[in-house]
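Participant: Below you'll find coords.cif; it's mmCIF, C-alpha atoms.
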```cif
data_entry
loop_
_atom_site.group_PDB
_atom_site.id
_atom_site.type_symbol
_atom_site.label_atom_id
_atom_site.label_comp_id
_atom_site.auth_asym_id
_atom_site.auth_seq_id
_atom_site.Cartn_x
_atom_site.Cartn_y
_atom_site.Cartn_z
ATOM 1 C CA MET A 1 16.659 -11.015 -27.381
ATOM 2 C CA PRO A 2 18.226 -13.961 -25.511
ATOM 3 C CA PRO A 3 16.218 -17.195 -25.285
ATOM 4 C CA THR A 4 14.196 -17.768 -22.123
ATOM 5 C CA VAL A 5 14.896 -20.906 -20.134
ATOM 6 C CA ILE A 6 12.299 -22.240 -17.723
ATOM 7 C CA ARG A 7 13.654 -24.552 -15.025
ATOM 8 C CA MET A 8 11.496 -27.265 -13.480
ATOM 9 C CA PRO A 9 12.695 -28.603 -10.109
ATOM 10 C CA ASN A 10 12.857 -32.387 -9.674
ATOM 11 C CA GLY A 11 9.577 -33.855 -8.555
ATOM 12 C CA ALA A 12 7.558 -31.012 -10.092
ATOM 13 C CA GLY A 13 5.182 -32.400 -12.660
ATOM 14 C CA ASN A 14 7.038 -35.180 -14.486
ATOM 15 C CA GLY A 15 10.297 -35.350 -12.555
ATOM 16 C CA THR A 16 12.943 -37.798 -13.685
ATOM 17 C CA ARG A 17 14.159 -39.118 -10.352
ATOM 18 C CA GLY A 18 14.896 -42.697 -11.321
ATOM 19 C CA GLY A 19 12.272 -42.492 -14.052
ATOM 20 C CA LEU A 20 9.551 -42.760 -11.387
ATOM 21 C CA GLY A 21 9.215 -39.132 -10.266
ATOM 22 C CA HIS A 22 5.819 -38.718 -11.875
ATOM 23 C CA LEU A 23 4.565 -42.095 -10.621
ATOM 24 C CA ASN A 24 5.712 -41.506 -7.052
ATOM 25 C CA GLN A 25 4.120 -38.096 -7.037
ATOM 26 C CA GLN A 26 0.824 -39.473 -8.325
ATOM 27 C CA GLN A 27 0.804 -42.243 -5.691
ATOM 28 C CA ASN A 28 1.149 -39.704 -2.867
ATOM 29 C CA ARG A 29 -1.566 -37.351 -4.105
ATOM 30 C CA GLY A 30 -5.177 -37.247 -3.008
ATOM 31 C CA ILE A 31 -6.895 -38.566 0.101
ATOM 32 C CA ARG A 32 -6.253 -42.125 1.210
ATOM 33 C CA ILE A 33 -9.390 -44.051 2.172
ATOM 34 C CA GLY A 34 -8.571 -47.660 3.044
ATOM 35 C CA CYS A 35 -6.628 -49.124 0.151
ATOM 36 C CA CYS A 36 -7.807 -46.474 -2.358
ATOM 37 C CA ARG A 37 -6.998 -42.843 -3.042
ATOM 38 C CA VAL A 38 -9.640 -40.321 -4.044
ATOM 39 C CA CYS A 39 -9.299 -36.795 -5.394
ATOM 40 C CA THR A 40 -5.873 -37.531 -6.850
ATOM 41 C CA CYS A 41 -6.145 -34.449 -9.050
ATOM 42 C CA ILE A 42 -5.809 -32.223 -5.961
ATOM 43 C CA ASN A 43 -2.312 -31.344 -4.784
ATOM 44 C CA LEU A 44 -2.985 -31.496 -1.033
ATOM 45 C CA GLU A 45 0.707 -31.050 -0.199
ATOM 46 C CA PHE A 46 0.445 -27.461 -1.406
ATOM 47 C CA PHE A 47 -2.044 -26.606 1.344
ATOM 48 C CA MET A 48 0.473 -27.689 3.988
ATOM 49 C CA SER A 49 3.390 -25.735 2.509
ATOM 50 C CA LYS A 50 4.247 -22.204 3.679
ATOM 51 C CA ASN A 51 3.112 -20.837 0.303
ATOM 52 C CA GLY A 52 -0.241 -22.592 0.634
ATOM 53 C CA ILE A 53 -0.716 -21.394 4.190
ATOM 54 C CA LEU A 54 0.029 -17.812 3.118
ATOM 55 C CA LYS A 55 -2.507 -18.013 0.279
ATOM 56 C CA ILE A 56 -5.167 -19.522 2.548
ATOM 57 C CA PHE A 57 -4.516 -16.817 5.155
ATOM 58 C CA GLU A 58 -4.831 -14.101 2.469
ATOM 59 C CA ILE A 59 -8.141 -15.561 1.279
ATOM 60 C CA ILE A 60 -9.634 -15.961 4.764
ATOM 61 C CA LEU A 61 -8.739 -12.461 5.953
ATOM 62 C CA GLY A 62 -9.736 -10.933 2.615
ATOM 63 C CA SER A 63 -13.103 -12.694 2.825
ATOM 64 C CA PHE A 64 -13.647 -11.361 6.351
ATOM 65 C CA CYS A 65 -12.841 -7.836 5.176
ATOM 66 C CA GLN A 66 -15.183 -8.080 2.206
ATOM 67 C CA THR A 67 -17.997 -9.537 4.313
ATOM 68 C CA LEU A 68 -17.702 -6.773 6.920
ATOM 69 C CA LEU A 69 -17.548 -4.106 4.221
ATOM 70 C CA ILE A 70 -20.699 -5.346 2.523
ATOM 71 C CA GLN A 71 -22.612 -6.254 5.694
ATOM 72 C CA PHE A 72 -21.918 -3.129 7.766
ATOM 73 C CA GLY A 73 -20.319 -0.576 5.476
ATOM 74 C CA MET A 74 -22.897 -0.118 2.729
ATOM 75 C CA ASP A 75 -25.051 2.175 4.880
ATOM 76 C CA ALA A 76 -22.015 4.169 5.985
ATOM 77 C CA ALA A 77 -20.465 4.363 2.503
ATOM 78 C CA LYS A 78 -21.804 7.879 1.963
ATOM 79 C CA ASP A 79 -20.153 9.001 5.215
ATOM 80 C CA ILE A 80 -16.832 7.262 4.612
ATOM 81 C CA GLY A 81 -16.673 8.288 0.963
ATOM 82 C CA GLU A 82 -13.991 7.070 -1.418
ATOM 83 C CA ALA A 83 -12.191 5.131 1.318
ATOM 84 C CA PHE A 84 -15.006 2.572 1.337
ATOM 85 C CA HIS A 85 -15.041 2.125 -2.435
ATOM 86 C CA GLY A 86 -11.256 2.004 -2.643
ATOM 87 C CA PHE A 87 -11.010 -0.663 0.039
ATOM 88 C CA LEU A 88 -13.835 -2.719 -1.473
ATOM 89 C CA THR A 89 -12.180 -2.575 -4.896
ATOM 90 C CA THR A 90 -8.823 -3.617 -3.427
ATOM 91 C CA VAL A 91 -10.344 -6.530 -1.525
ATOM 92 C CA SER A 92 -12.378 -7.736 -4.494
ATOM 93 C CA ALA A 93 -9.475 -7.642 -6.948
ATOM 94 C CA CYS A 94 -6.942 -9.264 -4.622
ATOM 95 C CA LEU A 95 -9.380 -11.873 -3.330
ATOM 96 C CA THR A 96 -10.380 -12.934 -6.843
ATOM 97 C CA THR A 97 -6.797 -13.238 -8.101
ATOM 98 C CA THR A 98 -5.559 -15.054 -4.999
ATOM 99 C CA THR A 99 -8.460 -17.512 -5.176
ATOM 100 C CA ILE A 100 -7.690 -18.266 -8.826
ATOM 101 C CA LEU A 101 -4.007 -18.762 -8.008
ATOM 102 C CA LEU A 102 -4.846 -21.066 -5.080
ATOM 103 C CA LEU A 103 -7.140 -23.187 -7.259
ATOM 104 C CA CYS A 104 -4.495 -23.450 -9.994
ATOM 105 C CA TYR A 105 -1.787 -24.367 -7.502
ATOM 106 C CA ALA A 106 -4.031 -26.929 -5.816
ATOM 107 C CA ILE A 107 -4.743 -28.670 -9.108
ATOM 108 C CA SER A 108 -1.250 -28.537 -10.620
ATOM 109 C CA ALA A 109 2.134 -28.595 -8.907
ATOM 110 C CA ARG A 110 3.684 -27.751 -12.276
ATOM 111 C CA THR A 111 1.662 -24.525 -12.444
ATOM 112 C CA PHE A 112 2.953 -23.511 -9.026
ATOM 113 C CA HIS A 113 6.577 -23.964 -10.068
ATOM 114 C CA LEU A 114 6.118 -22.217 -13.407
ATOM 115 C CA VAL A 115 4.216 -19.215 -12.058
ATOM 116 C CA ARG A 116 6.411 -18.912 -8.979
ATOM 117 C CA GLN A 117 9.526 -18.762 -11.184
ATOM 118 C CA SER A 118 8.134 -15.823 -13.121
ATOM 119 C CA ILE A 119 8.057 -12.232 -11.943
ATOM 120 C CA PHE A 120 4.234 -12.376 -11.737
ATOM 121 C CA GLU A 121 4.002 -13.577 -8.126
ATOM 122 C CA VAL A 122 6.525 -11.021 -6.889
ATOM 123 C CA MET A 123 4.784 -8.151 -8.684
ATOM 124 C CA TYR A 124 1.270 -9.279 -7.788
ATOM 125 C CA ASN A 125 2.013 -9.771 -4.097
ATOM 126 C CA GLY A 126 3.995 -6.520 -3.903
ATOM 127 C CA ILE A 127 1.220 -4.517 -5.558
ATOM 128 C CA SER A 128 -1.417 -6.219 -3.377
ATOM 129 C CA CYS A 129 0.638 -5.357 -0.289
ATOM 130 C CA PHE A 130 0.804 -1.712 -1.341
ATOM 131 C CA LEU A 131 -2.908 -1.567 -2.222
ATOM 132 C CA TYR A 132 -4.017 -3.128 1.061
ATOM 133 C CA LEU A 133 -1.762 -0.938 3.206
ATOM 134 C CA SER A 134 -2.767 2.261 1.423
ATOM 135 C CA ALA A 135 -6.489 1.360 1.440
ATOM 136 C CA ALA A 136 -6.301 0.426 5.132
ATOM 137 C CA SER A 137 -4.592 3.687 6.070
ATOM 138 C CA TYR A 138 -7.132 5.741 4.113
ATOM 139 C CA MET A 139 -9.982 3.736 5.665
ATOM 140 C CA GLY A 140 -8.512 4.280 9.123
ATOM 141 C CA PHE A 141 -8.402 8.023 8.522
ATOM 142 C CA ALA A 142 -11.962 8.128 7.158
ATOM 143 C CA VAL A 143 -13.397 5.973 9.943
ATOM 144 C CA ASN A 144 -11.794 7.986 12.726
ATOM 145 C CA VAL A 145 -12.645 11.376 11.213
ATOM 146 C CA TRP A 146 -16.194 10.762 9.961
ATOM 147 C CA LEU A 147 -17.612 7.676 11.677
ATOM 148 C CA TYR A 148 -16.195 8.036 15.175
ATOM 149 C CA PRO A 149 -18.125 11.272 15.980
ATOM 150 C CA LYS A 150 -21.365 9.616 14.842
ATOM 151 C CA PHE A 151 -20.539 6.570 16.948
ATOM 152 C CA LEU A 152 -20.064 8.770 20.033
ATOM 153 C CA LEU A 153 -23.300 10.612 19.306
ATOM 154 C CA PHE A 154 -25.288 7.378 18.966
ATOM 155 C CA LYS A 155 -23.547 5.858 21.989
ATOM 156 C CA ASN A 156 -24.450 8.812 24.217
ATOM 157 C CA THR A 157 -28.074 8.837 23.063
ATOM 158 C CA GLY A 158 -28.540 5.076 23.460
ATOM 159 C CA GLY A 159 -28.690 4.243 19.741
ATOM 160 C CA ILE A 160 -26.718 1.634 17.871
ATOM 161 C CA HIS A 161 -24.190 2.541 15.215
ATOM 162 C CA SER A 162 -22.528 -0.700 14.183
ATOM 163 C CA ALA A 163 -20.534 0.653 11.240
ATOM 164 C CA TYR A 164 -17.743 2.158 13.359
ATOM 165 C CA PRO A 165 -16.599 -1.051 15.130
ATOM 166 C CA ALA A 166 -16.947 -3.087 11.928
ATOM 167 C CA MET A 167 -15.018 -0.595 9.781
ATOM 168 C CA THR A 168 -12.354 -0.355 12.504
ATOM 169 C CA ALA A 169 -11.967 -4.128 12.332
ATOM 170 C CA VAL A 170 -11.776 -3.877 8.527
ATOM 171 C CA TYR A 171 -8.845 -1.474 8.458
ATOM 172 C CA TYR A 172 -7.002 -3.454 11.151
ATOM 173 C CA MET A 173 -7.492 -6.698 9.206
ATOM 174 C CA GLY A 174 -6.573 -4.898 5.987
ATOM 175 C CA THR A 175 -3.257 -3.915 7.530
ATOM 176 C CA ILE A 176 -2.618 -7.518 8.554
ATOM 177 C CA VAL A 177 -3.500 -8.804 5.059
ATOM 178 C CA GLY A 178 -1.168 -6.203 3.545
ATOM 179 C CA ILE A 179 1.663 -7.470 5.745
ATOM 180 C CA VAL A 180 0.879 -11.068 4.741
ATOM 181 C CA TYR A 181 0.997 -10.091 1.052
ATOM 182 C CA GLY A 182 4.327 -8.372 1.700
ATOM 183 C CA LEU A 183 5.638 -11.554 3.315
ATOM 184 C CA ASP A 184 4.356 -13.567 0.353
ATOM 185 C CA ALA A 185 6.126 -11.167 -2.036
ATOM 186 C CA PHE A 186 9.367 -11.677 -0.107
ATOM 187 C CA VAL A 187 8.977 -15.476 -0.212
ATOM 188 C CA ALA A 188 8.208 -15.315 -3.955
ATOM 189 C CA TYR A 189 11.279 -13.136 -4.535
ATOM 190 C CA ARG A 190 13.491 -15.613 -2.684
ATOM 191 C CA TYR A 191 12.006 -18.447 -4.735
ATOM 192 C CA LEU A 192 12.601 -16.449 -7.936
ATOM 193 C CA LYS A 193 16.246 -15.910 -7.024
ATOM 194 C CA GLY A 194 16.683 -19.591 -6.145
ATOM 195 C CA PHE A 195 16.954 -19.334 -2.343
ATOM 196 C CA THR A 196 13.833 -21.489 -1.682
#
```
Show the structure stored in the file as structure tokens.
Facilitator:
Amino acid sequence: MPPTVIRMPNGAGNGTRGGLGHLNQQQNRGIRIGCCRVCTCINLEFFMSKNGILKIFEIILGSFCQTLLIQFGMDAAKDIGEAFHGFLTTVSACLTTTTILLLCYAISARTFHLVRQSIFEVMYNGISCFLYLSAASYMGFAVNVWLYPKFLLFKNTGGIHSAYPAMTAVYYMGTIVGIVYGLDAFVAYRYLKGFT
């Protein structure tokens, strides 16, 4: 088996640019308050990068989906069936992993470069894309077949059935999150191949 070589770009972790790569990076980290810097352990530059923005977008939309599922979908879970449980499982797994990755990347620029160079990010984002798109399509089918008739019945009789609009929003947002994960997988693949 050939030896594995891990490349570290200049400026990542302890770069050697003039022997001061690590010092310059540490001076620019954190939040500047007057003449001092606080929270220098946080890599704030990551949050402004396209990778950070994608991760934040995945977490925000995933959180909205999970909140709507738990708030409005629990009562309708018996009507929707396995689509509800499948979507909730997908959201929970992807949201947990993405949050852990975001925290690791925010604390360590070196971790970002090491993990991004591996096949993990490409596989994880690709699988998350597939899971979200398949769960959203199944949820869309279940909502329109089983919840929509109940919604029309309650609407015509003056009652309130809030699960249908909420679950409709969930499968629309799930589709958007799946597309974002697909975009993140593409960006990770380009990074892996050295196109940055």
Participant: Written as a list in words, what is the full residue list that the PyMOL selection byres ((chain A and resi 85) around 12) yields on the file shown?
Facilitator: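 Applied to this file, the PyMOL selection byres ((chain A and resi 85) around 12) selects Gln66, Leu69, Ile70, Gly73, Met74, Ala76, Ala77, Lys78, Asp79, Ile80, Gly81, Glu82, Ala83, Phe84, Gly86, Phe87, Leu88, Thr89, Thr90, Val91, Ser92, Ala135, Ala136, Tyr138, Met139 and Ala142 of chain A.
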Participant: For segment 148-156 of chain A, I'd like the enclosing box, axis-aligned and padded by 6 Å on every side, reported as lines of an AutoDock Vina configuration file with centre and edge lengths in Å to one decimal.
Facilitator:
```
center_x = -20.7
center_y = 8.6
center_z = 19.5
size_x = 21.1
size_y = 17.4
size_z = 21.4
```
Participant: Could you pull the residues within 10 Å of Glu121 of chain A, counting only C-alpha atoms, minus those fewer than 3 positions along the same chain, as a ChimeraX atom specification?
Facilitator: /A:101,115-118,124-127,184-189,191-192
Participant: Have a look at atom CA of Lys55 of chain A and atom CA of Val122 of chain A and let me know their distance in Å, one decimal.
Facilitator: 13.5 Å
Participant: Please identify all polymer residues lying at most 9 Å from the point (-15.9, -6.6, 9.6) (file coordinates), using only C-alpha atoms, and present the result as a list of chain:residue names.
Facilitator: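 It turns out the residues near that spot are A:Phe64, A:Cys65, A:Gln66, A:Thr67, A:Leu68, A:Leu69, A:Ile70, A:Gln71, A:Phe72, A:Gly73, A:Ala163, A:Pro165, A:Ala166, A:Met167, A:Thr168, A:Ala169, A:Val170, A:Tyr171, A:Met173.
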Participant: Do you have the atom CA of Cys129 of chain A-atom CA of Glu58 of chain A distance handy?
Facilitator: 10.7 Å
Participant: Atom CA of Gly178 of chain A and atom CA of Leu133 of chain A, how far apart in Å?
Facilitator: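 For atom CA of Leu133 of chain A relative to atom CA of Gly178 of chain A, the distance reads 5.3 Å.
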Participant: Would you mind telling me which residue in A:Ile119, A:Val143, A:Leu61, A:Ala93 lies nearest to Thr175 of chain A when using only C-alpha atoms?
Facilitator: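 Nearest candidate to Thr175 of chain A out of A:Ile119, A:Val143, A:Leu61, A:Ala93: A:Leu61.
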Participant: A:Ile53, A:Ile176, A:Thr98, A:His113: which is nearest Gly194 of chain A, counting all atoms listed in the file?
Facilitator: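 Smallest distance to Gly194 of chain A is found for A:His113.
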Participant: Measuring between only C-alpha atoms, which one of A:Gly52, A:Pro3, A:Gly140, A:Gly34 shows the shortest distance to Thr99 of chain A?
Facilitator: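 Of the candidates, the smallest distance to Thr99 of chain A is held by A:Gly52.
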Participant: Using the incomplete input, complete segment 95-114 of chain A to the level of N, CA, C and O atoms; output as a PDB file, in the frame of the given file.
Facilitator:
```pdb
ATOM      1  N   LEU A  95      -8.737 -10.619  -3.728  1.00  0.00           N
ATOM      2  CA  LEU A  95      -9.380 -11.873  -3.330  1.00  0.00           C
ATOM      3  C   LEU A  95      -9.652 -12.755  -4.542  1.00  0.00           C
ATOM      4  O   LEU A  95      -9.413 -13.964  -4.503  1.00  0.00           O
ATOM      5  N   THR A  96     -10.109 -12.165  -5.634  1.00  0.00           N
ATOM      6  CA  THR A  96     -10.380 -12.934  -6.843  1.00  0.00           C
ATOM      7  C   THR A  96      -9.099 -13.546  -7.410  1.00  0.00           C
ATOM      8  O   THR A  96      -9.045 -14.746  -7.713  1.00  0.00           O
ATOM      9  N   THR A  97      -8.049 -12.741  -7.535  1.00  0.00           N
ATOM     10  CA  THR A  97      -6.797 -13.238  -8.101  1.00  0.00           C
ATOM     11  C   THR A  97      -6.158 -14.296  -7.211  1.00  0.00           C
ATOM     12  O   THR A  97      -5.671 -15.321  -7.696  1.00  0.00           O
ATOM     13  N   THR A  98      -6.149 -14.081  -5.915  1.00  0.00           N
ATOM     14  CA  THR A  98      -5.559 -15.054  -4.999  1.00  0.00           C
ATOM     15  C   THR A  98      -6.338 -16.365  -5.006  1.00  0.00           C
ATOM     16  O   THR A  98      -5.739 -17.440  -4.948  1.00  0.00           O
ATOM     17  N   THR A  99      -7.654 -16.298  -5.108  1.00  0.00           N
ATOM     18  CA  THR A  99      -8.460 -17.512  -5.176  1.00  0.00           C
ATOM     19  C   THR A  99      -8.155 -18.294  -6.450  1.00  0.00           C
ATOM     20  O   THR A  99      -8.013 -19.524  -6.416  1.00  0.00           O
ATOM     21  N   ILE A 100      -8.030 -17.597  -7.569  1.00  0.00           N
ATOM     22  CA  ILE A 100      -7.690 -18.266  -8.826  1.00  0.00           C
ATOM     23  C   ILE A 100      -6.305 -18.909  -8.730  1.00  0.00           C
ATOM     24  O   ILE A 100      -6.113 -20.058  -9.147  1.00  0.00           O
ATOM     25  N   LEU A 101      -5.344 -18.199  -8.169  1.00  0.00           N
ATOM     26  CA  LEU A 101      -4.007 -18.762  -8.008  1.00  0.00           C
ATOM     27  C   LEU A 101      -4.035 -19.998  -7.106  1.00  0.00           C
ATOM     28  O   LEU A 101      -3.397 -21.013  -7.403  1.00  0.00           O
ATOM     29  N   LEU A 102      -4.766 -19.922  -5.998  1.00  0.00           N
ATOM     30  CA  LEU A 102      -4.846 -21.066  -5.080  1.00  0.00           C
ATOM     31  C   LEU A 102      -5.466 -22.279  -5.769  1.00  0.00           C
ATOM     32  O   LEU A 102      -4.976 -23.395  -5.615  1.00  0.00           O
ATOM     33  N   LEU A 103      -6.518 -22.075  -6.544  1.00  0.00           N
ATOM     34  CA  LEU A 103      -7.140 -23.187  -7.259  1.00  0.00           C
ATOM     35  C   LEU A 103      -6.178 -23.787  -8.285  1.00  0.00           C
ATOM     36  O   LEU A 103      -6.081 -25.012  -8.405  1.00  0.00           O
ATOM     37  N   CYS A 104      -5.469 -22.946  -9.012  1.00  0.00           N
ATOM     38  CA  CYS A 104      -4.495 -23.450  -9.994  1.00  0.00           C
ATOM     39  C   CYS A 104      -3.372 -24.213  -9.317  1.00  0.00           C
ATOM     40  O   CYS A 104      -2.962 -25.275  -9.793  1.00  0.00           O
ATOM     41  N   TYR A 105      -2.875 -23.699  -8.217  1.00  0.00           N
ATOM     42  CA  TYR A 105      -1.787 -24.367  -7.502  1.00  0.00           C
ATOM     43  C   TYR A 105      -2.252 -25.670  -6.873  1.00  0.00           C
ATOM     44  O   TYR A 105      -1.490 -26.619  -6.761  1.00  0.00           O
ATOM     45  N   ALA A 106      -3.506 -25.716  -6.439  1.00  0.00           N
ATOM     46  CA  ALA A 106      -4.031 -26.929  -5.816  1.00  0.00           C
ATOM     47  C   ALA A 106      -4.248 -28.034  -6.845  1.00  0.00           C
ATOM     48  O   ALA A 106      -4.157 -29.212  -6.513  1.00  0.00           O
ATOM     49  N   ILE A 107      -4.507 -27.673  -8.068  1.00  0.00           N
ATOM     50  CA  ILE A 107      -4.743 -28.670  -9.108  1.00  0.00           C
ATOM     51  C   ILE A 107      -3.438 -29.121  -9.761  1.00  0.00           C
ATOM     52  O   ILE A 107      -3.288 -30.272 -10.124  1.00  0.00           O
ATOM     53  N   SER A 108      -2.457 -28.205  -9.877  1.00  0.00           N
ATOM     54  CA  SER A 108      -1.250 -28.537 -10.620  1.00  0.00           C
ATOM     55  C   SER A 108       0.003 -28.041  -9.912  1.00  0.00           C
ATOM     56  O   SER A 108       0.201 -26.835  -9.763  1.00  0.00           O
ATOM     57  N   ALA A 109       0.851 -28.971  -9.501  1.00  0.00           N
ATOM     58  CA  ALA A 109       2.134 -28.595  -8.907  1.00  0.00           C
ATOM     59  C   ALA A 109       3.024 -27.937  -9.950  1.00  0.00           C
ATOM     60  O   ALA A 109       3.814 -27.044  -9.641  1.00  0.00           O
ATOM     61  N   ARG A 110       2.900 -28.349 -11.196  1.00  0.00           N
ATOM     62  CA  ARG A 110       3.684 -27.751 -12.276  1.00  0.00           C
ATOM     63  C   ARG A 110       3.340 -26.262 -12.430  1.00  0.00           C
ATOM     64  O   ARG A 110       4.226 -25.441 -12.615  1.00  0.00           O
ATOM     65  N   THR A 111       2.065 -25.929 -12.339  1.00  0.00           N
ATOM     66  CA  THR A 111       1.662 -24.525 -12.444  1.00  0.00           C
ATOM     67  C   THR A 111       2.304 -23.702 -11.342  1.00  0.00           C
ATOM     68  O   THR A 111       2.777 -22.593 -11.583  1.00  0.00           O
ATOM     69  N   PHE A 112       2.332 -24.239 -10.135  1.00  0.00           N
ATOM     70  CA  PHE A 112       2.953 -23.511  -9.026  1.00  0.00           C
ATOM     71  C   PHE A 112       4.406 -23.191  -9.345  1.00  0.00           C
ATOM     72  O   PHE A 112       4.852 -22.058  -9.191  1.00  0.00           O
ATOM     73  N   HIS A 113       5.163 -24.185  -9.803  1.00  0.00           N
ATOM     74  CA  HIS A 113       6.577 -23.964 -10.068  1.00  0.00           C
ATOM     75  C   HIS A 113       6.798 -23.018 -11.243  1.00  0.00           C
ATOM     76  O   HIS A 113       7.723 -22.197 -11.211  1.00  0.00           O
ATOM     77  N   LEU A 114       5.958 -23.102 -12.258  1.00  0.00           N
ATOM     78  CA  LEU A 114       6.118 -22.217 -13.407  1.00  0.00           C
ATOM     79  C   LEU A 114       5.759 -20.770 -13.075  1.00  0.00           C
ATOM     80  O   LEU A 114       6.482 -19.839 -13.432  1.00  0.00           O
TER      81      LEU A 114
END
```
